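Below you'll find the structure, written out as structure tokens, and then a few comments.
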Amino acid sequence: MPQVTGVAVSPGRVVGTIRAMAPPVAEPSAWERIPRSSDAVTESERIPAAAASAARALARRAERATGEARTLLEVTAQMAVDPSLIQAAQELVITGRLSAARAVWEAGDQVARMLEELGGDMAQRAADVRDVRGRIVAELRGEQPPGIPEVEEPFILTAVDLAPADTATLDPDRVLALVTSDGGPQSHTAILARHLGLPAVVAARGIHAFPDGTEVFVDAGAGTITDEVIEDHRRRAAAWAGLQNHPLVHGGGGASLADGTAVQLLANIGGAQDALVAEAAHADGVGLFRTEFLFLDRESAPGVQEQAEASGAVFSRFPGRKVVVRTLDAGADKPLPFLVAGPEPNPALGVRAYRTSWERPSVLTDQLDAIAVAAAAAQAEVWVMAPMISTVEDTEDFVALCRARGLGPAGIMVETPSAAITADRHLAACDFASIGTNDLTQYTMAADRQLGALAHLNTPWQPAVLALVRSTCEGARRVGEGPTVDSAVADKPVGVCGEAAGDPALAVVLGGLGVSSLSMAPRSLPLVAAVLASVTMEQAKELAARALAARTAAECRDAVRAGLPILGDLGI
């Protein structure tokens, strides 16, 4: 089996031997019961003790992680001691006399199936629940939990998929690359691989045909894995290794194309710890400050003062620089009890993000009050934007709320085809737009971005997605072309803060389409800056035209990469 192809999610080229993820914990037998002579209550009491031990192990991993990785691990640790899971398992022991291990297995499966039925991001959490379930069962049995192989030499890790508890603590000094047979480009695995700067390919269906110890060449930029390793592969891998040993450094001040055209380079962050990383990477500011982490796993929304302190901790790192705050992006697919009453049949198309303010306006207005308090005390240039905007009425209402609090610039996320197609009308009512390519791709292709089976659809290289990016940029230009337009309406900037911005080749296309700022994981800044510096705006526009003219996502990507020889020089 000479080559396997998957979805590229984090670039890099390596030669190494495959080591498969340790197998999952074996399912306890359905007939595993406690003897009649044993006390069911005593058996049930083993469950919370094992859950607490699993949670402590996850918490120790969290202590070694940072930023979003740390947050995900902390949330997973909390899942391990979730009272609903523990109590359901204990009830199965007492009423059904199941063993503690079997009871945990069945209770975990019930929770996971419920999450899968909800779909969207909730379905992604089902894998986390099953991971936690396995860890508790391993504790009950006195076994080692499943995890990354403990071997001395560096290796290429293969797996069906990885739970956040595993991905977040990957050691790039030991793991050369990551290849999974499942997962999508927006899964936890993909996002955290990019965060770590680890070459990664997901949805590589045939990867398990390669046995442990097989030497392979992984081209994570192209999404290919082959066991026919030739000298050219070793040369490309050496070029990538050289770049890691002598990494490019982004000196700040944005990116300049070869003809001097400026493109602002910003960072995506989730809190104050991420802000430190972005600052150290010389980001020009923050293009996406995700605020939902402060709201997760709570029975009620945080107060204005708590939110203001959290925002202020970020704003203080960027005096005189732009920080774009995204208001709460949560709802049915990220369940918060104070936002949405119950499950929905199709959460991705339900009451989420800005739409939650229709029924719970105080959550949004409190957040805007908190941002206003923090902005008034900071020297950062605070911009505010609302996610999941579909109608001009929503844009107008959001901007009015911001204006009433002295907040501005006020803008919107372009994540729906409706907003992209009518961008001129939206931008006549607000100050800026930021394209969220993750959701825009999902809604354009009608493909759940969490499903590995649909990963080939969920790529921003789809010509239809790029056509909507062009539509947004053209809409911004149309706002400023009317004969009666004044300076308060014209020159509305359009940025990209989705994962597409961190792909160096795609960044060139986005610039050619008219995007003026790109926001990404801080690790991506140097490569993106280097590739942008290799082209003029005229060349970027030509590559963008090639991309739009392509028939397929693969042809689109190949046509652009063929016009960027620097990618080969950089090993990406």
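Letters for chains follow the order of the structure tokens (A, B, ...), residue numbers begin at 1 for each chain, and ligand numbers begin at 1 in the order shown.
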
Using DSSP on the backbone coordinates, identify all residues within region 300-426 of chain A classified as strand (DSSP E or B); present the result as number ranges by chain.
-> A: 322-326, 331, 334, 352, 381-386, 410-414

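Closest to Glu538 (chain A) among A:Thr226, A:Thr261, A:Gln305, A:Gln442 is A:Thr261, based on only C-alpha atoms.
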
Counting only C-alpha atoms, the residue among A:Gly253, A:Pro343, A:Pro337, A:Pro83 that lies closest to Met122 (chain A) is A:Pro343

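Nearest residue to Ser99 (chain A), choosing from A:Pro35, A:Pro145, A:Pro11, A:Gly452 and counting only C-alpha atoms: A:Pro35.
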
Extract the full set of helix (DSSP H, G or I) residues from region 321-522 of chain A according to DSSP on the backbone, and format it as a ChimeraX atom specification.
-> /A:347-349,353-358,361-376,392-404,417-421,423-429,437-445,452-454,463-479,499-502,504-513,522

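Omitting Ser516 (chain A) and its sequence neighbours fewer than 2 positions away, and counting only C-alpha atoms, the residues within 9 Å are Ala262, Val263, Gln264, Pro493, Val494, Gly495, Val496, Leu510, Gly511, Gly514 and Leu518 of chain A.
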
How would the residues just picked look written out with N, CA and C atoms as a short mmCIF file (atom, residue, chain, number, x, y, z; two decimals), in the first residue's frame?
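File written: out22.cif
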data_model
loop_
_atom_site.label_atom_id
_atom_site.label_comp_id
_atom_site.auth_asym_id
_atom_site.auth_seq_id
_atom_site.Cartn_x
_atom_site.Cartn_y
_atom_site.Cartn_z
N ALA A 262 0.70 46.14 2.36
CA ALA A 262 0.65 45.70 3.77
C ALA A 262 -0.54 44.79 4.01
N VAL A 263 -0.32 43.74 4.80
CA VAL A 263 -1.38 42.86 5.29
C VAL A 263 -1.19 42.71 6.79
N GLN A 264 -2.20 43.04 7.55
CA GLN A 264 -2.09 42.96 9.01
C GLN A 264 -2.14 41.51 9.45
N PRO A 493 -13.03 47.58 6.38
CA PRO A 493 -12.07 46.48 6.25
C PRO A 493 -12.73 45.11 6.39
N VAL A 494 -12.17 44.12 5.69
CA VAL A 494 -12.60 42.73 5.78
C VAL A 494 -11.39 41.89 6.17
N GLY A 495 -11.51 41.13 7.25
CA GLY A 495 -10.45 40.24 7.68
C GLY A 495 -10.90 38.79 7.64
N VAL A 496 -9.99 37.90 7.91
CA VAL A 496 -10.30 36.47 8.04
C VAL A 496 -9.73 36.00 9.37
N LEU A 510 -6.28 34.72 -0.14
CA LEU A 510 -7.15 35.63 0.60
C LEU A 510 -6.72 37.08 0.38
N GLY A 511 -5.42 37.32 0.38
CA GLY A 511 -4.94 38.66 0.09
C GLY A 511 -5.30 39.11 -1.31
N GLY A 514 -8.81 40.38 -1.63
CA GLY A 514 -9.12 41.68 -1.03
C GLY A 514 -9.16 41.72 0.47
N LEU A 518 -5.30 39.11 8.50
CA LEU A 518 -5.38 37.67 8.69
C LEU A 518 -5.10 37.37 10.15
#

Write out as a list in words each polymer residue whose atoms come within 10 Å of Ala530 (chain A), counting only C-alpha atoms; drop sequence neighbours fewer than 2 positions from it.
->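 The contact residues come out as Leu248, Val249, His250, Ala255, Ser256, Leu257, Pro504, Leu525, Pro526, Leu527, Val528, Leu532, Ala533, Ser534, Val535, Ile566, Leu567 and Leu570 of chain A.
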
Would you save the residues from that selection as an mmCIF file, in the first residue's frame, using N, CA and C atoms?
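Final output, saved to part-v8.cif:
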data_model
loop_
_atom_site.group_PDB
_atom_site.id
_atom_site.type_symbol
_atom_site.label_atom_id
_atom_site.label_comp_id
_atom_site.auth_asym_id
_atom_site.auth_seq_id
_atom_site.Cartn_x
_atom_site.Cartn_y
_atom_site.Cartn_z
ATOM 1 N N LEU A 248 11.876 30.431 11.392
ATOM 2 C CA LEU A 248 11.610 31.801 10.984
ATOM 3 C C LEU A 248 11.042 32.571 12.176
ATOM 4 N N VAL A 249 11.334 33.821 12.242
ATOM 5 C CA VAL A 249 10.825 34.667 13.328
ATOM 6 C C VAL A 249 10.069 35.835 12.718
ATOM 7 N N HIS A 250 8.857 36.033 13.189
ATOM 8 C CA HIS A 250 8.078 37.174 12.739
ATOM 9 C C HIS A 250 8.416 38.376 13.609
ATOM 10 N N ALA A 255 2.638 41.955 7.651
ATOM 11 C CA ALA A 255 3.343 41.350 6.530
ATOM 12 C C ALA A 255 3.390 42.363 5.395
ATOM 13 N N SER A 256 4.451 42.320 4.614
ATOM 14 C CA SER A 256 4.566 43.160 3.425
ATOM 15 C C SER A 256 4.753 42.265 2.224
ATOM 16 N N LEU A 257 3.905 42.432 1.216
ATOM 17 C CA LEU A 257 4.084 41.711 -0.027
ATOM 18 C C LEU A 257 5.329 42.247 -0.723
ATOM 19 N N PRO A 504 -0.331 29.181 4.736
ATOM 20 C CA PRO A 504 0.434 30.183 3.989
ATOM 21 C C PRO A 504 -0.001 30.322 2.531
ATOM 22 N N LEU A 525 2.337 32.628 12.275
ATOM 23 C CA LEU A 525 2.698 33.969 11.800
ATOM 24 C C LEU A 525 3.973 34.003 10.950
ATOM 25 N N PRO A 526 5.090 33.388 11.367
ATOM 26 C CA PRO A 526 6.312 33.513 10.571
ATOM 27 C C PRO A 526 6.187 32.933 9.171
ATOM 28 N N LEU A 527 5.598 31.738 9.036
ATOM 29 C CA LEU A 527 5.476 31.115 7.717
ATOM 30 C C LEU A 527 4.561 31.926 6.808
ATOM 31 N N VAL A 528 3.442 32.386 7.361
ATOM 32 C CA VAL A 528 2.521 33.182 6.546
ATOM 33 C C VAL A 528 3.211 34.463 6.073
ATOM 34 N N LEU A 532 3.844 35.403 2.086
ATOM 35 C CA LEU A 532 3.263 36.632 1.545
ATOM 36 C C LEU A 532 4.350 37.548 0.974
ATOM 37 N N ALA A 533 5.503 37.583 1.615
ATOM 38 C CA ALA A 533 6.589 38.454 1.150
ATOM 39 C C ALA A 533 7.166 38.016 -0.192
ATOM 40 N N SER A 534 6.828 36.807 -0.634
ATOM 41 C CA SER A 534 7.399 36.283 -1.886
ATOM 42 C C SER A 534 6.586 36.654 -3.118
ATOM 43 N N VAL A 535 5.435 37.302 -2.936
ATOM 44 C CA VAL A 535 4.574 37.627 -4.084
ATOM 45 C C VAL A 535 4.190 39.108 -4.067
ATOM 46 N N ILE A 566 8.167 28.973 -3.223
ATOM 47 C CA ILE A 566 8.733 29.136 -1.882
ATOM 48 C C ILE A 566 8.241 28.072 -0.925
ATOM 49 N N LEU A 567 7.063 27.495 -1.190
ATOM 50 C CA LEU A 567 6.533 26.457 -0.300
ATOM 51 C C LEU A 567 7.484 25.268 -0.242
ATOM 52 N N LEU A 570 10.541 26.039 1.843
ATOM 53 C CA LEU A 570 10.261 26.058 3.276
ATOM 54 C C LEU A 570 9.856 24.683 3.809
#
